[in-house]
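Peer 1: One structure, as structure tokens, below. Some questions next.
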Amino acid sequence: MTPQDTFATATIGAKQALVVDDSAAQRLVLAKNLERWGYQVTQAASGDTALQLCQTNRFDLILSDWMMPGMNGLDFCRAFRALDHESYSYFILLTSNNEKNAVAEGLNVGADDFLSKPVGTSELRARIFAGERLLAMERQVKARNEELQAALRKLQALYDAVDRDLMEARKLQQSMIRDRFHDFGGSQLSLMLHSSGHVGGDMVGTFPINAQRIGIYSLDVSGHGVAAALLGARIGGMFGGAQSQNIALTRNFTTGQMEAVAPHDVAARMNSLMLQEIDTEAYLTVAYADLDLTTGRLVIVQAGHPHPVIQRQDGTIEFIGEGGLPIGLIDGATYTSFEAELRPGDRLFLYSDGITECADQDDNEFGENGLRELFTKLADQRGLSLLDALKWELALWSGRDEFSDDVSGALLEFSAYKTVCPNAHSYYPEQPADS
């Protein structure tokens, strides 16, 4: 590049224009007009020189002759559009060739407009102003995009922070099930909790009632996410901790001993608590079982929860219970306990509707029949292995990587009668006849 090849007038903040023509006279005429219209003008006598300038400088407007020795205007336009520029430049080709094919070829390589030589001042001004309007819109869009990108970066940072918090919340929720497996010296309990998202509203667990009896519960809060998880954790906490705070236990002030509350009264207590003390529009379903490990006697309340399953030693499947109202919908709702008996080799399964309502790709629900067939298929599986296999089979059925609802369950395998201290308290008040 020689000093004769390029000319520019330094004006800070001015619009930048590049005039490319092998005719010095033509460049001068164009440059004078552009300067009167507020442009800082750089001149180049060839396409090669212009391309070198474009590699290190940004131009708002480029006026280039088509016919030039060496790199012509068409080749220069093609090479210019191949450069990596953050902002757009308006490119006008100056030509005496008005054939349609020539115009189409110019548009194909990236030219924005054409002017026939000799160039009229009024037409040049009109074309340049049209280009300025396009550039103004492009820069507005770019500015908006930059604002959106900045907002998206902030949102991503917030999402990442929330995601980290939810991962920790998931760990905390899982830690509420301190042990997935419990051995009661003849019977075993295995627990499963799989949230559809980071956290969910399902909860399962167990607690000792006395030396010979245990409580087993499965609950499902309506909805998903953090709110459901918090409510599920609060309700689940009512079955844990100190005996004096357990919703399923009460103190006999005559004997000073803690005694079991009848399962139907446990459901009624929970319903009253939900409606009177917990300010929420959510509700929940519960299956709560009181099991005597010495006799296999079960007393269960089913409050809107799926029907508990008993699989007998011979493989027979029984769905027990009659349903009942969910917790937290109707003030003063009454609940009914029912009894069943487990014999050595039988097992009890309390579970959430995330299992039976799990849908396949055609929206067919797994249902009780699916659960019946699955327990029959997995009859030889035991404990946690059975629950893991159940979850695997359910995933195959759904055909999805994640379940659409929380999946949870408590599997009690009654293996033998347990011998306990004969003085252990093992009774609770009988259910009223009219309840």
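The way I read the labels, and the way they are meant: chains A, B, ... in the order of the structure tokens, residue 1 as the first residue of every chain, and ligand 1 as the first ligand shown, with later ones counted on from there.
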For the structure I just gave you, how does DSSP split stretch 107-167 of chain A - specifically, which residues are alpha helix (DSSP H)? Reply as a VMD selection string.

Peer 2: chain A and resid 107 to 109 121 to 167

Peer 1: As JSON, numbers by chain, which residues of stretch 194-401 of chain A does DSSP assign to strand (DSSP E)?

Peer 2: {"A": [194, 202, 203, 204, 205, 206, 207, 208, 213, 214, 215, 216, 217, 218, 219, 220, 221, 249, 250, 251, 258, 259, 260, 284, 285, 286, 287, 288, 289, 290, 291, 292, 297, 298, 299, 300, 301, 302, 303, 309, 310, 311, 317, 318, 319, 337, 338, 339, 340, 341, 346, 347, 348, 349, 350, 351]}

Peer 1: Mind checking which residues fall within 9 Å of A:Met270, counting only C-alpha atoms, ignoring those fewer than 2 positions away in the same chain, and posting them as a ChimeraX atom specification?

Peer 2: /A:235,247,265-268,272-275,327-328

Peer 1: What would the file look like if the residues just selected were written as a PDB file, in the first residue's frame with N, CA, C and O atoms?

Peer 2:
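So the final result, stored in part-v6.pdb, reads:
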ATOM      1  N   ILE A 235     -44.740 -32.701  57.166  1.00  0.00           N
ATOM      2  CA  ILE A 235     -45.670 -33.754  57.557  1.00  0.00           C
ATOM      3  C   ILE A 235     -44.914 -35.020  57.929  1.00  0.00           C
ATOM      4  O   ILE A 235     -45.222 -35.693  58.924  1.00  0.00           O
ATOM      5  N   ILE A 247     -47.112 -37.491  65.846  1.00  0.00           N
ATOM      6  CA  ILE A 247     -48.553 -37.337  65.689  1.00  0.00           C
ATOM      7  C   ILE A 247     -49.293 -38.657  65.867  1.00  0.00           C
ATOM      8  O   ILE A 247     -50.510 -38.669  66.124  1.00  0.00           O
ATOM      9  N   ASP A 265     -57.571 -41.934  63.647  1.00  0.00           N
ATOM     10  CA  ASP A 265     -57.439 -40.680  64.387  1.00  0.00           C
ATOM     11  C   ASP A 265     -56.168 -39.927  63.983  1.00  0.00           C
ATOM     12  O   ASP A 265     -56.121 -38.696  64.035  1.00  0.00           O
ATOM     13  N   VAL A 266     -55.139 -40.662  63.586  1.00  0.00           N
ATOM     14  CA  VAL A 266     -53.935 -40.005  63.058  1.00  0.00           C
ATOM     15  C   VAL A 266     -54.294 -39.196  61.820  1.00  0.00           C
ATOM     16  O   VAL A 266     -53.895 -38.036  61.671  1.00  0.00           O
ATOM     17  N   ALA A 267     -55.075 -39.799  60.916  1.00  0.00           N
ATOM     18  CA  ALA A 267     -55.488 -39.087  59.695  1.00  0.00           C
ATOM     19  C   ALA A 267     -56.333 -37.864  60.051  1.00  0.00           C
ATOM     20  O   ALA A 267     -56.180 -36.793  59.456  1.00  0.00           O
ATOM     21  N   ALA A 268     -57.241 -38.013  61.019  1.00  0.00           N
ATOM     22  CA  ALA A 268     -58.080 -36.885  61.423  1.00  0.00           C
ATOM     23  C   ALA A 268     -57.239 -35.767  62.023  1.00  0.00           C
ATOM     24  O   ALA A 268     -57.491 -34.582  61.779  1.00  0.00           O
ATOM     25  N   SER A 272     -56.972 -31.943  60.503  1.00  0.00           N
ATOM     26  CA  SER A 272     -57.226 -30.753  61.303  1.00  0.00           C
ATOM     27  C   SER A 272     -56.022 -29.816  61.276  1.00  0.00           C
ATOM     28  O   SER A 272     -56.165 -28.596  61.138  1.00  0.00           O
ATOM     29  N   LEU A 273     -54.827 -30.376  61.375  1.00  0.00           N
ATOM     30  CA  LEU A 273     -53.613 -29.570  61.357  1.00  0.00           C
ATOM     31  C   LEU A 273     -53.455 -28.861  60.023  1.00  0.00           C
ATOM     32  O   LEU A 273     -53.118 -27.669  59.972  1.00  0.00           O
ATOM     33  N   MET A 274     -53.701 -29.568  58.927  1.00  0.00           N
ATOM     34  CA  MET A 274     -53.560 -28.972  57.595  1.00  0.00           C
ATOM     35  C   MET A 274     -54.505 -27.795  57.416  1.00  0.00           C
ATOM     36  O   MET A 274     -54.134 -26.760  56.864  1.00  0.00           O
ATOM     37  N   LEU A 275     -55.733 -27.942  57.875  1.00  0.00           N
ATOM     38  CA  LEU A 275     -56.743 -26.911  57.632  1.00  0.00           C
ATOM     39  C   LEU A 275     -56.664 -25.753  58.618  1.00  0.00           C
ATOM     40  O   LEU A 275     -57.033 -24.623  58.285  1.00  0.00           O
ATOM     41  N   ILE A 327     -56.140 -35.703  52.782  1.00  0.00           N
ATOM     42  CA  ILE A 327     -55.923 -34.846  53.946  1.00  0.00           C
ATOM     43  C   ILE A 327     -55.852 -33.387  53.504  1.00  0.00           C
ATOM     44  O   ILE A 327     -55.132 -33.045  52.571  1.00  0.00           O
ATOM     45  N   GLY A 328     -56.611 -32.524  54.196  1.00  0.00           N
ATOM     46  CA  GLY A 328     -56.505 -31.093  53.954  1.00  0.00           C
ATOM     47  C   GLY A 328     -57.522 -30.525  52.991  1.00  0.00           C
ATOM     48  O   GLY A 328     -57.369 -29.394  52.534  1.00  0.00           O
TER      49      GLY A 328
END

Peer 1: Show which residues sit within 6 Å of stretch 63-79 of chain A, as an MDAnalysis selection string. Count only C-alpha atoms, and ignore same-chain residues fewer than 5 positions away.

Peer 2: chainID A and resid 19:21 47:48 92:95 109

Peer 1: Got time to write the residues from that selection, N, CA and C atoms, as a PDB file, in the first residue's frame?

Peer 2:
ATOM      1  N   VAL A  19     -14.264   4.476  -0.080  1.00  0.00           N
ATOM      2  CA  VAL A  19     -14.521   4.637  -1.513  1.00  0.00           C
ATOM      3  C   VAL A  19     -13.435   3.888  -2.268  1.00  0.00           C
ATOM      4  N   VAL A  20     -13.840   2.972  -3.126  1.00  0.00           N
ATOM      5  CA  VAL A  20     -12.891   2.126  -3.857  1.00  0.00           C
ATOM      6  C   VAL A  20     -13.116   2.329  -5.358  1.00  0.00           C
ATOM      7  N   ASP A  21     -12.122   2.861  -6.010  1.00  0.00           N
ATOM      8  CA  ASP A  21     -12.220   3.094  -7.457  1.00  0.00           C
ATOM      9  C   ASP A  21     -10.819   3.318  -7.992  1.00  0.00           C
ATOM     10  N   GLY A  47      -9.166  -3.113  -5.335  1.00  0.00           N
ATOM     11  CA  GLY A  47      -9.845  -4.032  -4.437  1.00  0.00           C
ATOM     12  C   GLY A  47      -8.911  -4.644  -3.423  1.00  0.00           C
ATOM     13  N   ASP A  48      -7.663  -4.951  -3.828  1.00  0.00           N
ATOM     14  CA  ASP A  48      -6.693  -5.526  -2.906  1.00  0.00           C
ATOM     15  C   ASP A  48      -6.390  -4.570  -1.751  1.00  0.00           C
ATOM     16  N   ILE A  92     -22.360  -0.753  -1.519  1.00  0.00           N
ATOM     17  CA  ILE A  92     -22.962  -0.319  -2.782  1.00  0.00           C
ATOM     18  C   ILE A  92     -21.957  -0.529  -3.904  1.00  0.00           C
ATOM     19  N   LEU A  93     -22.378  -1.244  -4.921  1.00  0.00           N
ATOM     20  CA  LEU A  93     -21.546  -1.451  -6.102  1.00  0.00           C
ATOM     21  C   LEU A  93     -21.878  -0.399  -7.157  1.00  0.00           C
ATOM     22  N   LEU A  94     -20.849   0.195  -7.728  1.00  0.00           N
ATOM     23  CA  LEU A  94     -21.014   1.178  -8.800  1.00  0.00           C
ATOM     24  C   LEU A  94     -20.700   0.480 -10.117  1.00  0.00           C
ATOM     25  N   THR A  95     -21.632   0.503 -11.035  1.00  0.00           N
ATOM     26  CA  THR A  95     -21.426  -0.258 -12.270  1.00  0.00           C
ATOM     27  C   THR A  95     -22.157   0.375 -13.438  1.00  0.00           C
ATOM     28  N   VAL A 109     -23.273 -12.248  -3.907  1.00  0.00           N
ATOM     29  CA  VAL A 109     -21.987 -12.192  -3.198  1.00  0.00           C
ATOM     30  C   VAL A 109     -22.023 -11.242  -2.009  1.00  0.00           C
TER      31      VAL A 109
END

Peer 1: Just want the 8 Å neighbourhood of A:Met258, counted on only C-alpha atoms, with same-chain residues fewer than 5 positions away dropped. Output as number ranges by chain.

Peer 2: A: 243-244, 249-252

Peer 1: In terms of the shortest atom-to-atom distance over only C-alpha atoms, which of A:Gln40, A:Gln16, A:Asn33, A:Gln361 is closest to A:Cys54?

Peer 2: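 Of A:Gln40, A:Gln16, A:Asn33, A:Gln361, the one nearest A:Cys54, counting only C-alpha atoms, is A:Gln16.
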
Peer 1: Could you give me, as a tab-separated table, a per-residue list for stretch 187-243 of chain A showing, wherever an atom lies at most 12 Å from an atom of stretch 376-382 of chain A, the closest pair of atoms and their distance in Å to one decimal, using only C-alpha atoms and sorting by chain then residue number from low to high?

Peer 2:
residue	atom	partner	partner_atom	distance
A:Ser187	CA	A:Arg382	CA	11.7
A:Gln188	CA	A:Arg382	CA	9.6
A:Leu189	CA	A:Arg382	CA	10.3
A:Ser190	CA	A:Arg382	CA	9.1

Peer 1: Only all heavy atoms, please: the residues just picked out, written as a PDB file, in the first residue's frame.

Peer 2:
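Here's the written file again_25.pdb:
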ATOM      1  N   SER A 187     -38.457 -59.414  60.433  1.00  0.00           N
ATOM      2  CA  SER A 187     -39.105 -58.723  59.323  1.00  0.00           C
ATOM      3  C   SER A 187     -38.189 -57.587  58.873  1.00  0.00           C
ATOM      4  O   SER A 187     -37.439 -57.021  59.669  1.00  0.00           O
ATOM      5  CB  SER A 187     -40.467 -58.164  59.743  1.00  0.00           C
ATOM      6  OG  SER A 187     -41.342 -59.207  60.103  1.00  0.00           O
ATOM      7  N   GLN A 188     -38.282 -57.247  57.585  1.00  0.00           N
ATOM      8  CA  GLN A 188     -37.438 -56.182  57.039  1.00  0.00           C
ATOM      9  C   GLN A 188     -38.303 -55.152  56.316  1.00  0.00           C
ATOM     10  O   GLN A 188     -39.320 -55.496  55.700  1.00  0.00           O
ATOM     11  CB  GLN A 188     -36.399 -56.741  56.053  1.00  0.00           C
ATOM     12  CG  GLN A 188     -35.364 -57.679  56.658  1.00  0.00           C
ATOM     13  CD  GLN A 188     -35.872 -59.099  56.793  1.00  0.00           C
ATOM     14  OE1 GLN A 188     -36.592 -59.595  55.918  1.00  0.00           O
ATOM     15  NE2 GLN A 188     -35.516 -59.763  57.892  1.00  0.00           N
ATOM     16  N   LEU A 189     -37.854 -53.890  56.403  1.00  0.00           N
ATOM     17  CA  LEU A 189     -38.542 -52.805  55.703  1.00  0.00           C
ATOM     18  C   LEU A 189     -37.543 -52.119  54.779  1.00  0.00           C
ATOM     19  O   LEU A 189     -36.456 -51.732  55.211  1.00  0.00           O
ATOM     20  CB  LEU A 189     -39.112 -51.787  56.699  1.00  0.00           C
ATOM     21  CG  LEU A 189     -39.817 -50.579  56.068  1.00  0.00           C
ATOM     22  CD1 LEU A 189     -41.142 -51.001  55.431  1.00  0.00           C
ATOM     23  CD2 LEU A 189     -40.063 -49.482  57.107  1.00  0.00           C
ATOM     24  N   SER A 190     -37.923 -51.954  53.511  1.00  0.00           N
ATOM     25  CA  SER A 190     -37.093 -51.267  52.521  1.00  0.00           C
ATOM     26  C   SER A 190     -37.856 -50.050  52.001  1.00  0.00           C
ATOM     27  O   SER A 190     -39.071 -50.125  51.763  1.00  0.00           O
ATOM     28  CB  SER A 190     -36.748 -52.205  51.367  1.00  0.00           C
ATOM     29  OG  SER A 190     -36.079 -53.357  51.841  1.00  0.00           O
TER      30      SER A 190
END

Peer 1: Please, what distance in Å, to one decimal, runs between atom CA of A:Gly201 and atom CA of A:Thr336?

Peer 2: 24.1 Å

Peer 1: What is the atom CA of A:Arg133-atom CA of A:Thr42 distance in Å, reported with one decimal?

Peer 2: 21.5 Å
